[in-house]
$ cat model.txt   # compact mmCIF, C-alpha atoms and all ligand atoms
# COMPACT_ATOMS: atom_id res chain seq x y z
CA MET A 1 138.97 135.91 151.42
CA ILE A 2 139.06 132.50 149.70
CA SER A 3 136.91 131.67 146.69
CA ASN A 4 136.11 128.05 145.80
CA PHE A 5 137.02 128.66 142.18
CA SER A 6 140.16 129.58 140.25
CA HIS A 7 139.83 132.99 138.63
CA LEU A 8 142.06 134.96 136.29
CA ILE A 9 142.10 138.51 137.61
CA ASP A 10 145.81 139.26 137.27
CA LEU A 11 148.31 136.95 135.52
CA ASN A 12 150.75 137.57 138.35
CA ASP A 13 148.46 135.61 140.69
CA TYR A 14 149.82 132.53 138.90
CA PRO A 15 153.39 131.27 138.49
CA VAL A 16 155.20 131.78 135.18
CA SER A 17 155.07 127.99 134.64
CA TRP A 18 151.24 128.28 134.45
CA TRP A 19 151.45 131.02 131.78
CA ASN A 20 153.95 128.94 129.83
CA LYS A 21 151.61 125.92 129.87
CA ILE A 22 148.77 128.03 128.45
CA ILE A 23 151.06 129.43 125.77
CA GLU A 24 152.23 125.91 124.85
CA LEU A 25 148.63 124.68 124.71
CA GLY A 26 147.72 127.71 122.54
CA HIS A 27 150.53 126.73 120.18
CA GLU A 28 149.26 123.12 120.10
CA ILE A 29 145.71 124.29 119.34
CA LYS A 30 146.99 126.54 116.55
CA LEU A 31 148.73 123.53 114.96
CA HIS A 32 145.90 121.00 115.46
CA PRO A 33 142.59 122.85 116.05
CA GLN A 34 140.55 119.78 115.03
CA ARG A 35 141.82 117.86 118.08
CA PHE A 36 140.04 120.29 120.40
CA THR A 37 136.60 120.64 118.82
CA HIS A 38 134.85 118.73 121.64
CA ALA A 39 137.04 119.84 124.55
CA CYS A 40 134.23 121.90 126.12
CA ASP A 41 131.13 120.06 124.92
CA GLY A 42 128.14 120.93 127.07
CA LYS A 43 129.84 123.86 128.83
CA ILE A 44 128.45 127.39 128.88
CA MET A 45 130.46 130.61 128.96
CA GLY A 46 128.78 133.80 130.20
CA THR A 47 130.14 137.06 128.75
CA LEU A 48 129.40 140.16 130.83
CA PHE A 49 130.65 143.09 128.77
CA TYR A 50 129.89 146.40 130.47
CA GLU A 51 132.24 148.20 128.06
CA PRO A 52 132.55 148.08 124.25
CA SER A 53 134.68 145.36 122.72
CA THR A 54 135.06 143.67 119.37
CA ARG A 55 138.20 141.54 119.45
CA THR A 56 138.18 140.39 123.04
CA GLN A 57 134.51 139.51 123.12
CA MET A 58 134.42 137.83 119.71
CA SER A 59 137.66 135.98 120.25
CA PHE A 60 136.33 134.60 123.54
CA GLN A 61 133.06 133.66 121.86
CA SER A 62 134.70 132.01 118.86
CA ALA A 63 137.16 130.27 121.20
CA MET A 64 134.30 128.70 123.18
CA ILE A 65 132.36 127.74 120.05
CA ARG A 66 135.47 126.13 118.52
CA LEU A 67 135.81 124.06 121.71
CA GLY A 68 132.24 122.80 121.36
CA GLY A 69 130.75 124.97 124.12
CA SER A 70 127.99 127.59 124.05
CA ILE A 71 127.71 131.23 125.09
CA ILE A 72 125.24 133.48 126.88
CA GLY A 73 125.66 137.08 127.99
CA PHE A 74 125.32 140.76 127.16
CA ASP A 75 127.51 143.33 125.50
CA ASN A 76 125.33 146.30 126.20
CA PRO A 77 124.43 146.82 129.86
CA ALA A 78 121.63 149.13 128.72
CA THR A 79 119.66 146.07 127.55
CA SER A 80 120.29 144.02 130.72
CA SER A 81 119.07 144.40 134.32
CA VAL A 82 122.09 146.61 134.95
CA SER A 83 119.99 149.42 133.44
CA LYS A 84 117.41 148.85 136.22
CA GLY A 85 120.10 149.52 138.81
CA GLU A 86 121.18 145.96 139.58
CA ASN A 87 124.53 145.83 141.36
CA LEU A 88 127.55 143.90 140.14
CA LYS A 89 127.21 141.35 142.92
CA ASP A 90 123.69 140.28 141.96
CA THR A 91 124.35 140.15 138.21
CA THR A 92 127.48 138.08 138.75
CA LYS A 93 125.86 135.75 141.26
CA ILE A 94 122.91 135.05 139.01
CA VAL A 95 124.76 134.58 135.72
CA SER A 96 127.36 132.39 137.45
CA ASN A 97 124.51 130.00 138.27
CA TYR A 98 123.69 129.67 134.58
CA ALA A 99 127.24 129.51 133.22
CA ASP A 100 130.30 127.33 133.91
CA ILE A 101 132.72 130.20 133.39
CA LEU A 102 132.33 134.00 133.22
CA VAL A 103 134.28 136.51 131.14
CA MET A 104 133.89 140.08 132.30
CA ARG A 105 134.87 143.49 130.94
CA HIS A 106 134.05 146.57 132.97
CA PRO A 107 134.99 150.27 132.84
CA LEU A 108 136.04 150.39 136.51
CA PRO A 109 139.35 149.09 137.87
CA GLY A 110 138.93 146.23 140.31
CA ALA A 111 135.56 145.12 138.89
CA ALA A 112 136.70 141.62 137.92
CA LYS A 113 138.05 140.96 141.41
CA ALA A 114 134.79 142.28 142.88
CA ALA A 115 132.82 139.91 140.63
CA ALA A 116 135.00 136.94 141.58
CA LEU A 117 134.17 137.54 145.25
CA THR A 118 130.59 136.43 144.67
CA ALA A 119 130.67 134.30 141.52
CA ASP A 120 129.82 130.60 141.75
CA CYS A 121 132.14 129.77 138.85
CA PRO A 122 135.55 130.93 137.58
CA VAL A 123 135.78 134.58 136.42
CA ILE A 124 138.17 135.79 133.72
CA ASN A 125 139.12 139.46 133.68
CA ALA A 126 138.72 140.71 130.10
CA GLY A 127 139.77 144.25 131.06
CA ASP A 128 138.91 146.28 134.17
CA GLY A 129 139.04 149.99 133.38
CA GLY A 130 142.56 151.30 132.84
CA HIS A 131 143.93 148.65 135.20
CA LEU A 132 144.71 145.18 133.79
CA HIS A 133 144.00 142.98 130.78
CA PRO A 134 145.57 139.56 131.42
CA THR A 135 144.11 137.75 128.41
CA GLN A 136 145.52 140.34 126.00
CA THR A 137 148.85 139.64 127.66
CA LEU A 138 148.51 135.89 127.06
CA THR A 139 147.78 136.84 123.44
CA ASP A 140 150.88 139.03 123.34
CA LEU A 141 153.08 136.34 124.92
CA LEU A 142 151.94 133.70 122.42
CA THR A 143 152.53 136.20 119.59
CA LEU A 144 156.05 136.95 120.80
CA LYS A 145 156.83 133.25 121.22
CA GLU A 146 155.59 132.44 117.72
CA GLU A 147 157.13 135.43 116.00
CA LYS A 148 160.38 136.02 117.92
CA GLY A 149 160.88 132.49 119.26
CA ARG A 150 161.45 133.65 122.84
CA LEU A 151 160.05 135.64 125.76
CA ASP A 152 163.36 136.65 127.32
CA ASN A 153 166.29 138.90 126.38
CA LEU A 154 164.09 141.23 124.38
CA ASN A 155 164.34 144.99 124.06
CA ILE A 156 160.70 146.01 124.22
CA GLY A 157 159.37 149.42 123.22
CA LEU A 158 155.92 150.45 124.45
CA CYS A 159 154.54 153.60 122.91
CA GLY A 160 151.50 155.83 123.47
CA ASP A 161 149.08 155.92 126.38
CA LEU A 162 151.06 154.06 129.02
CA VAL A 163 149.10 155.51 131.94
CA ASN A 164 145.65 154.33 130.83
CA GLY A 165 146.57 151.37 128.65
CA ARG A 166 145.65 148.26 130.65
CA THR A 167 147.24 145.99 128.03
CA VAL A 168 150.56 147.75 128.64
CA HIS A 169 150.27 147.31 132.42
CA SER A 170 149.64 143.57 132.25
CA LEU A 171 152.29 143.08 129.56
CA CYS A 172 155.04 144.91 131.50
CA LYS A 173 154.25 142.92 134.63
CA ALA A 174 154.40 139.66 132.71
CA LEU A 175 157.49 140.30 130.58
CA SER A 176 159.49 141.48 133.56
CA ALA A 177 159.14 137.94 134.95
CA TYR A 178 161.32 136.58 132.11
CA SER A 179 165.04 137.25 132.40
CA GLY A 180 166.99 139.80 130.42
CA ASN A 181 164.07 141.87 129.10
CA THR A 182 164.47 145.66 128.98
CA PHE A 183 161.68 148.18 128.55
CA VAL A 184 161.77 151.43 126.59
CA LEU A 185 158.73 153.44 127.69
CA ILE A 186 157.88 155.96 124.98
CA SER A 187 155.27 158.53 125.98
CA THR A 188 154.65 162.16 126.82
CA PRO A 189 155.21 163.11 130.49
CA GLN A 190 151.41 163.10 131.02
CA LEU A 191 151.02 159.52 129.78
CA ARG A 192 153.85 157.81 131.65
CA LEU A 193 153.52 154.28 133.07
CA PRO A 194 152.04 154.19 136.64
CA ALA A 195 154.57 153.96 139.48
CA TYR A 196 153.30 150.60 140.74
CA ILE A 197 154.08 148.95 137.39
CA LYS A 198 157.53 150.54 137.26
CA ASP A 199 158.12 149.13 140.74
CA VAL A 200 157.23 145.63 139.51
CA ILE A 201 159.76 146.00 136.67
CA THR A 202 162.47 147.20 139.04
CA ALA A 203 161.73 144.54 141.67
CA SER A 204 162.15 141.83 139.00
CA GLY A 205 165.66 143.08 138.22
CA SER A 206 164.65 144.30 134.75
CA LYS A 207 165.59 147.77 133.51
CA TYR A 208 163.45 150.48 131.96
CA THR A 209 164.05 153.88 130.40
CA GLU A 210 161.48 156.62 129.80
CA VAL A 211 161.79 158.64 126.59
CA SER A 212 159.62 161.00 124.57
CA SER A 213 160.90 160.36 121.07
CA LEU A 214 160.01 157.21 119.13
CA ASP A 215 162.43 158.12 116.31
CA GLU A 216 165.42 158.09 118.60
CA VAL A 217 164.88 154.58 119.94
CA ILE A 218 163.11 152.63 117.20
CA ASN A 219 166.33 151.18 115.82
CA ASP A 220 167.19 149.53 119.17
CA LEU A 221 163.98 147.53 119.55
CA ASP A 222 163.09 143.86 119.07
CA MET A 223 159.40 144.64 119.42
CA LEU A 224 157.41 147.87 119.28
CA TYR A 225 154.02 147.77 121.06
CA MET A 226 151.93 150.68 119.77
CA THR A 227 148.81 151.72 121.72
CA ARG A 228 145.77 153.90 121.26
CA ILE A 229 145.37 157.11 123.27
CA GLN A 230 142.46 156.00 125.50
CA ARG A 231 140.00 158.84 124.88
CA GLU A 232 137.34 157.38 127.21
CA ARG A 233 139.67 157.46 130.22
CA PHE A 234 140.60 161.18 130.08
CA ALA A 235 139.04 163.65 132.50
CA SER A 236 138.13 166.02 129.64
CA GLU A 237 138.07 166.14 125.83
CA GLU A 238 140.60 168.97 126.02
CA ASP A 239 143.08 166.75 127.88
CA TYR A 240 142.58 164.04 125.27
CA LEU A 241 143.06 166.43 122.35
CA SER A 242 146.34 167.65 123.84
CA GLN A 243 147.72 164.06 123.61
CA LYS A 244 146.06 162.78 120.46
CA ASP A 245 148.30 162.19 117.43
CA THR A 246 151.56 162.58 119.38
CA TYR A 247 152.88 159.26 118.10
CA ILE A 248 152.17 158.01 114.62
CA LEU A 249 154.10 155.09 113.20
CA ASP A 250 154.32 155.47 109.44
CA LYS A 251 156.39 153.80 106.73
CA LYS A 252 159.11 156.46 106.96
CA LYS A 253 159.59 155.93 110.69
CA LEU A 254 159.44 152.15 110.34
CA ASN A 255 162.26 152.29 107.80
CA LYS A 256 164.57 153.29 110.65
CA ALA A 257 163.79 150.06 112.53
CA ARG A 258 165.68 146.79 112.25
CA ALA A 259 164.56 144.24 109.67
CA ASP A 260 163.64 141.75 112.42
CA MET A 261 161.74 144.15 114.69
CA ILE A 262 158.03 143.31 115.00
CA VAL A 263 155.20 145.81 115.46
CA MET A 264 152.38 144.73 117.77
CA HIS A 265 149.15 146.51 118.74
CA PRO A 266 146.28 145.19 120.90
CA MET A 267 143.82 146.99 118.58
CA PRO A 268 141.60 148.86 117.94
CA ARG A 269 143.90 151.26 116.12
CA VAL A 270 142.81 154.85 115.67
CA ASP A 271 145.62 156.59 113.76
CA GLU A 272 148.75 155.71 115.73
CA ILE A 273 149.81 153.28 112.99
CA SER A 274 149.23 154.56 109.49
CA THR A 275 147.68 152.03 107.14
CA ASP A 276 150.72 152.12 104.83
CA VAL A 277 152.54 150.08 107.49
CA ASP A 278 150.04 147.18 107.26
CA ASP A 279 151.75 145.49 104.30
CA ASP A 280 155.19 145.53 105.92
CA SER A 281 156.18 142.02 107.05
CA ARG A 282 157.10 143.46 110.48
CA ALA A 283 153.48 144.50 111.11
CA ILE A 284 151.98 141.49 112.83
CA TYR A 285 148.96 142.98 114.64
CA PHE A 286 146.37 141.14 112.56
CA LYS A 287 148.11 137.83 113.19
CA GLN A 288 148.29 138.81 116.87
CA ALA A 289 144.48 139.01 117.01
CA LYS A 290 144.26 135.44 115.66
CA TYR A 291 146.76 134.15 118.23
CA GLY A 292 144.39 135.67 120.81
CA MET A 293 141.68 133.20 119.86
CA TYR A 294 143.99 130.18 120.24
CA VAL A 295 145.32 131.32 123.58
CA ARG A 296 141.80 131.98 124.86
CA MET A 297 140.82 128.45 123.83
CA ALA A 298 143.77 127.22 125.89
CA LEU A 299 142.77 129.42 128.81
CA ILE A 300 139.10 128.36 128.84
CA MET A 301 140.08 124.67 128.74
CA THR A 302 142.62 125.12 131.53
CA MET A 303 140.29 127.07 133.79
CA LEU A 304 137.42 124.63 133.34
CA GLU A 305 139.75 121.76 134.20
CA THR A 306 141.32 123.44 137.24
CA ASP A 307 139.56 122.65 140.45
CA THR A 308 141.32 124.80 143.03
CA SER A 309 140.40 127.72 145.24
CA THR A 310 141.82 131.24 144.95
CA SER A 311 142.77 133.63 147.68
CA LEU A 312 141.18 136.87 146.49
CA LEU A 313 141.76 139.32 149.34
CA LYS A 314 144.98 138.80 151.22
CA GLY A 315 145.27 142.17 152.97
CA LYS A 316 143.47 143.96 155.74
CA VAL A 317 140.13 145.74 155.77
CA HIS A 318 140.79 149.24 157.10
CA LYS A 319 137.76 150.69 158.86
CA ASN A 320 136.65 154.10 157.56
CA CYS A 321 139.34 153.99 154.91
CA SER A 322 138.36 154.20 151.27
CA CYS A 323 140.36 153.90 148.07
CA PRO A 324 141.62 157.32 146.87
CA ASN A 325 141.02 156.34 143.24
CA PRO A 326 137.55 157.75 142.40
CA LYS A 327 137.21 155.21 139.58
CA CYS A 328 137.92 152.20 141.83
CA ILE A 329 135.05 149.72 141.92
CA THR A 330 134.96 149.93 145.73
CA ASN A 331 133.77 153.53 145.45
CA THR A 332 130.76 152.50 143.34
CA GLU A 333 129.78 149.13 144.81
CA SER A 334 129.56 150.14 148.46
CA TYR A 335 129.08 146.61 149.93
CA LEU A 336 132.63 145.55 148.93
CA PRO A 337 135.13 145.03 151.78
CA LYS A 338 137.74 147.80 151.36
CA SER A 339 140.85 145.72 151.62
CA PHE A 340 144.42 147.05 151.43
CA LEU A 341 147.86 145.51 151.33
CA GLY A 342 150.37 147.23 153.58
CA ILE A 343 153.72 148.50 152.32
CA GLY A 344 155.23 150.51 155.20
CA ASP A 345 153.22 153.65 155.78
CA THR A 346 151.72 153.33 152.35
CA ILE A 347 148.85 150.96 151.72
CA GLU A 348 147.69 149.67 148.36
CA CYS A 349 144.07 149.00 147.34
CA GLU A 350 143.66 145.29 146.58
CA TYR A 351 141.22 145.96 143.78
CA CYS A 352 142.89 148.70 141.70
CA ASP A 353 146.46 148.92 143.14
CA GLU A 354 146.10 152.65 143.93
CA ARG A 355 148.35 153.71 146.81
CA LYS A 356 147.46 155.77 149.82
CA LEU A 357 149.37 157.12 152.85
CA LEU A 358 148.20 155.59 156.07
CA THR A 359 147.39 158.23 158.69
CA HIS A 360 147.86 156.98 162.25
C1 LIG P 401 142.45 146.93 124.24
C2 LIG P 401 141.59 147.12 125.48
O1 LIG P 401 140.38 146.96 125.44
O2 LIG P 401 142.19 147.45 126.49
N1 LIG P 401 141.81 146.24 123.22
C3 LIG P 401 141.69 144.88 123.27
O3 LIG P 401 141.23 144.31 124.22
N2 LIG P 401 142.17 144.19 122.25
C4 LIG P 401 143.14 148.14 123.80
C5 LIG P 401 142.35 149.40 123.58
O4 LIG P 401 141.15 149.47 123.79
O5 LIG P 401 143.00 150.37 123.19
$ encode --input "model.txt" --output "C-alpha cells"
Amino acid sequence: MISNFSHLIDLNDYPVSWWNKIIELGHEIKLHPQRFTHACDGKIMGTLFYEPSTRTQMSFQSAMIRLGGSIIGFDNPATSSVSKGENLKDTTKIVSNYADILVMRHPLPGAAKAAALTADCPVINAGDGGHLHPTQTLTDLLTLKEEKGRLDNLNIGLCGDLVNGRTVHSLCKALSAYSGNTFVLISTPQLRLPAYIKDVITASGSKYTEVSSLDEVINDLDMLYMTRIQRERFASEEDYLSQKDTYILDKKKLNKARADMIVMHPMPRVDEISTDVDDDSRAIYFKQAKYGMYVRMALIMTMLETDTSTSLLKGKVHKNCSCPNPKCITNTESYLPKSFLGIGDTIECEYCDERKLLTH
C-alpha cells in the first residue's frame, strides 16, 4: 500500500545517508539556531499523544515553535473524541486535514503505521508501545556524534528492560548499520532483547553478547545506555516487582568504567541511575535531551520539504490470519488490513514485527 506522503515509522525505512543528513542538519541548527527561526513559518504540527510523555512531546513542540511553526493536538485522549470511542483512523484522518505534519505516540505497537495508512500528511512515530521510537534514536545518534565524534567502531552497552524498551530496539537497529559496532546486552533472562532485533544485528555483520552483570562489562564500554524497567508494559505488578531495581548505576559502579565512557539514558529515569552520578562528566543524559530538540527541528524541516510517497505495506494480506501479539494495533482496530511479510514458513506482522508460523 502506497501513501502519498513520506512518514517516519521506522528509521530503517530510510537509507543511512538520510539519517546522516538529519544528524548533520541537527548539528548545524545547534550551532546556528537563529538561522532557522522562520524555516517552518505558517506550518502546523499536530501532536496526537495517546500515552504520557514529557520530553518527546515538549521537544517536538519547542522544535516546531523554534522553527516558526504552530502546534495543535492532545496529550490526554480522555479529553479528546477518543474517549467517545472514535477509532484511530478517523482521528488521524481529521487532524491530518488541519495539520501539515502529525507526531503520534500510542501504547500499541504498530499504531503509527496504522495512522500513516489514512493520514493526509506525513506522520512521525514518537513511540508505538514497546516497539520502536525512531526520533529518540535520531537524538541518540546526534548525541553520540557530538560526544564521541563517531557512530562506528563503538562498544555499546545497553542495560535494563531490553524486551520492552522501544528506544533500545530502534537504537540497536540503527547502530548495527554502521560498521564495527558491537553490542553488550545487559539484562536479566526475562528482559532480553527480542529475537527480531538480534537478527537485525546479526544480519548486519555486527556482534552482540548477552550478559547479566553490569559490573563485569562496564570497563569495556564506550557508551552505556541505561533504561527504565517499563512498569506499564508488564502483564502484572508482581512481574514488574521481580525485575525492578536489578540494575542501578551508582558512583561506585561508574568508577570502574573508563574515563571516556559516556552514560546515556532516554529518560525518564526512575532509580536505575542514582543521582550522585549526575555531576560526573560522563553522565550526558541531560545534554542528550537537548540534542533531541535540535534533531527534531532537523527532522520536521526535512519531512516538510520531502515530497515523496512511502510504501507502507509491502507484504501479503493473509485471509483469516491475525497477529499473535495481543497488543498489536491490528487486534484493536479491526478495519486494518492484516499484512505479513513472509520469511520461509514464518511470517512477520508488518505493524509490530511479531512472528508467527504459517500453517498450510
Ligand atoms: C522513552 C520512551 O517513551 O520510550 N522516553 C522518551 O521518549 N524519552 C523511554 C521510557 O519511557 O522509558
$ residues_around --input "model.txt" --residues "Leu141 (chain A)" --least-positions-apart "2" --cutoff "9 Å" --atoms "all atoms listed in the file" --output "ChimeraX atom specification"
/A:19-20,23,136-139,143-146,151,171,174-175
$ closest_atom_pairs --input "model.txt" --of "region 46-78 of chain A" --to "region 267-270 of chain A" --cutoff "10 Å" --atoms "only C-alpha atoms" --output "JSON lines"
{"residue": "A:Ser53", "atom": "CA", "partner": "A:Pro268", "partner_atom": "CA", "distance": 9.1}
{"residue": "A:Thr54", "atom": "CA", "partner": "A:Pro268", "partner_atom": "CA", "distance": 8.5}
{"residue": "A:Arg55", "atom": "CA", "partner": "A:Met267", "partner_atom": "CA", "distance": 7.9}
{"residue": "A:Thr56", "atom": "CA", "partner": "A:Met267", "partner_atom": "CA", "distance": 9.8}
$ write_last_selection --input "model.txt" --atoms "C-alpha atoms" --output "short mmCIF file (atom, residue, chain, number, x, y, z; two decimals), in the frame of the given file"
data_model
loop_
_atom_site.label_atom_id
_atom_site.label_comp_id
_atom_site.auth_asym_id
_atom_site.auth_seq_id
_atom_site.Cartn_x
_atom_site.Cartn_y
_atom_site.Cartn_z
CA SER A 53 134.68 145.36 122.72
CA THR A 54 135.06 143.67 119.37
CA ARG A 55 138.20 141.54 119.45
CA THR A 56 138.18 140.39 123.04
#
$ closest_residue --input "model.txt" --among "A:Leu8, A:Val95, A:Met226, A:Ile65" --to "ligand LIG 401 (chain P)" --atoms "all atoms listed in the file"
A:Met226
$ residues_near_ligand --input "model.txt" --ligand "ligand LIG 401 (chain P)" --cutoff "9 Å" --atoms "all atoms listed in the file" --output "JSON, numbers by chain"
{"A": [51, 52, 53, 54, 55, 56, 57, 105, 126, 127, 128, 129, 130, 131, 132, 133, 135, 136, 161, 164, 165, 166, 167, 168, 227, 228, 229, 230, 265, 266, 267, 268, 269, 270, 289, 292]}
$ residues_around --input "model.txt" --residues "Thr306 (chain A)" --least-positions-apart "6" --cutoff "12 Å" --atoms "only C-alpha atoms" --output "VMD selection string"
chain A and resid 4 to 8 18 101 121 to 122 299 to 300
$ closest_residue --input "model.txt" --among "A:Tyr196, A:Phe183, A:Phe74, A:Tyr225" --to "Thr209 (chain A)" --atoms "all atoms listed in the file"
A:Phe183
$ atom_distance --input "model.txt" --atom1 "CA of Tyr178 (chain A)" --atom2 "CA of Ile156 (chain A)"
12.3 Å
$ atom_distance --input "model.txt" --atom1 "CA of Glu210 (chain A)" --atom2 "CA of Pro194 (chain A)"
11.9 Å
$ residues_around --input "model.txt" --residues "Ile71 (chain A)" --least-positions-apart "4" --cutoff "8 Å" --atoms "all atoms listed in the file" --output "PDB file with C-alpha atoms, in the coordinates of the input"
ATOM      1  CA  ILE A  44     128.450 127.390 128.880  1.00  0.00           C
ATOM      2  CA  MET A  45     130.460 130.610 128.960  1.00  0.00           C
ATOM      3  CA  GLY A  46     128.780 133.800 130.200  1.00  0.00           C
ATOM      4  CA  THR A  47     130.140 137.060 128.750  1.00  0.00           C
ATOM      5  CA  GLN A  61     133.060 133.660 121.860  1.00  0.00           C
ATOM      6  CA  MET A  64     134.300 128.700 123.180  1.00  0.00           C
ATOM      7  CA  ILE A  65     132.360 127.740 120.050  1.00  0.00           C
TER       8      ILE A  65
END
$ closest_atom_pairs --input "model.txt" --of "region 248-328 of chain A" --to "region 339-345 of chain A" --cutoff "10 Å" --atoms "only C-alpha atoms" --output "JSON lines"
{"residue": "A:Leu313", "atom": "CA", "partner": "A:Ser339", "partner_atom": "CA", "distance": 6.9}
{"residue": "A:Lys314", "atom": "CA", "partner": "A:Leu341", "partner_atom": "CA", "distance": 7.3}
{"residue": "A:Gly315", "atom": "CA", "partner": "A:Leu341", "partner_atom": "CA", "distance": 4.5}
{"residue": "A:Lys316", "atom": "CA", "partner": "A:Ser339", "partner_atom": "CA", "distance": 5.2}
{"residue": "A:Val317", "atom": "CA", "partner": "A:Ser339", "partner_atom": "CA", "distance": 4.2}
{"residue": "A:His318", "atom": "CA", "partner": "A:Ser339", "partner_atom": "CA", "distance": 6.5}
{"residue": "A:Lys319", "atom": "CA", "partner": "A:Ser339", "partner_atom": "CA", "distance": 9.3}
{"residue": "A:Cys321", "atom": "CA", "partner": "A:Ser339", "partner_atom": "CA", "distance": 9.0}
{"residue": "A:Ser322", "atom": "CA", "partner": "A:Ser339", "partner_atom": "CA", "distance": 8.8}
{"residue": "A:Cys323", "atom": "CA", "partner": "A:Phe340", "partner_atom": "CA", "distance": 8.6}
$ atom_distance --input "model.txt" --atom1 "CA of Arg258 (chain A)" --atom2 "CA of Lys30 (chain A)"
27.9 Å
$ closest_atom_pairs --input "model.txt" --of "region 265-313 of chain A" --to "region 108-113 of chain A" --cutoff "12 Å" --atoms "all atoms listed in the file" --output "CSV"
residue,atom,partner,partner_atom,distance
A:Thr310,CA,A:Lys113,CA,11.0
A:Ser311,CA,A:Lys113,CA,10.7
A:Leu312,CA,A:Lys113,CA,7.2
A:Leu313,CA,A:Lys113,CA,8.9
$ closest_residue --input "model.txt" --among "A:Leu249, A:Ser17, A:Asn320, A:Asp222" --to "Ala177 (chain A)" --atoms "only C-alpha atoms"
A:Ser17
$ closest_residue --input "model.txt" --among "A:Met301, A:Met1, A:Ile22, A:Ala235" --to "Gly68 (chain A)" --atoms "all atoms listed in the file"
A:Met301
$ axis_aligned_box --input "model.txt" --around "region 283-289 of chain A" --padding-each-side "3 Å" --output "AutoDock Vina command-line options"
--center_x 149.0 --center_y 141.2 --center_z 114.1 --size_x 15.0 --size_y 12.7 --size_z 11.9
$ closest_residue --input "model.txt" --among "A:Ile201, A:Asp140, A:Ile248, A:Asn181" --to "Ile284 (chain A)" --atoms "only C-alpha atoms"
A:Asp140
$ residues_around --input "model.txt" --residues "Asp220 (chain A)" --least-positions-apart "2" --cutoff "12 Å" --atoms "only C-alpha atoms" --output "PyMOL selection string"
chain A and resi 154-157+182-184+214-218+222-224+256-262
$ closest_residue --input "model.txt" --among "A:Leu25, A:Leu88, A:Ala114, A:Met58" --to "Ser3 (chain A)" --atoms "all atoms listed in the file"
A:Ala114
$ residues_around --input "model.txt" --residues "Ala115 (chain A)" --least-positions-apart "2" --cutoff "10 Å" --atoms "all atoms listed in the file" --output "PyMOL selection string"
chain A and resi 9+88-93+96+102+104+110-113+117-120+122-125
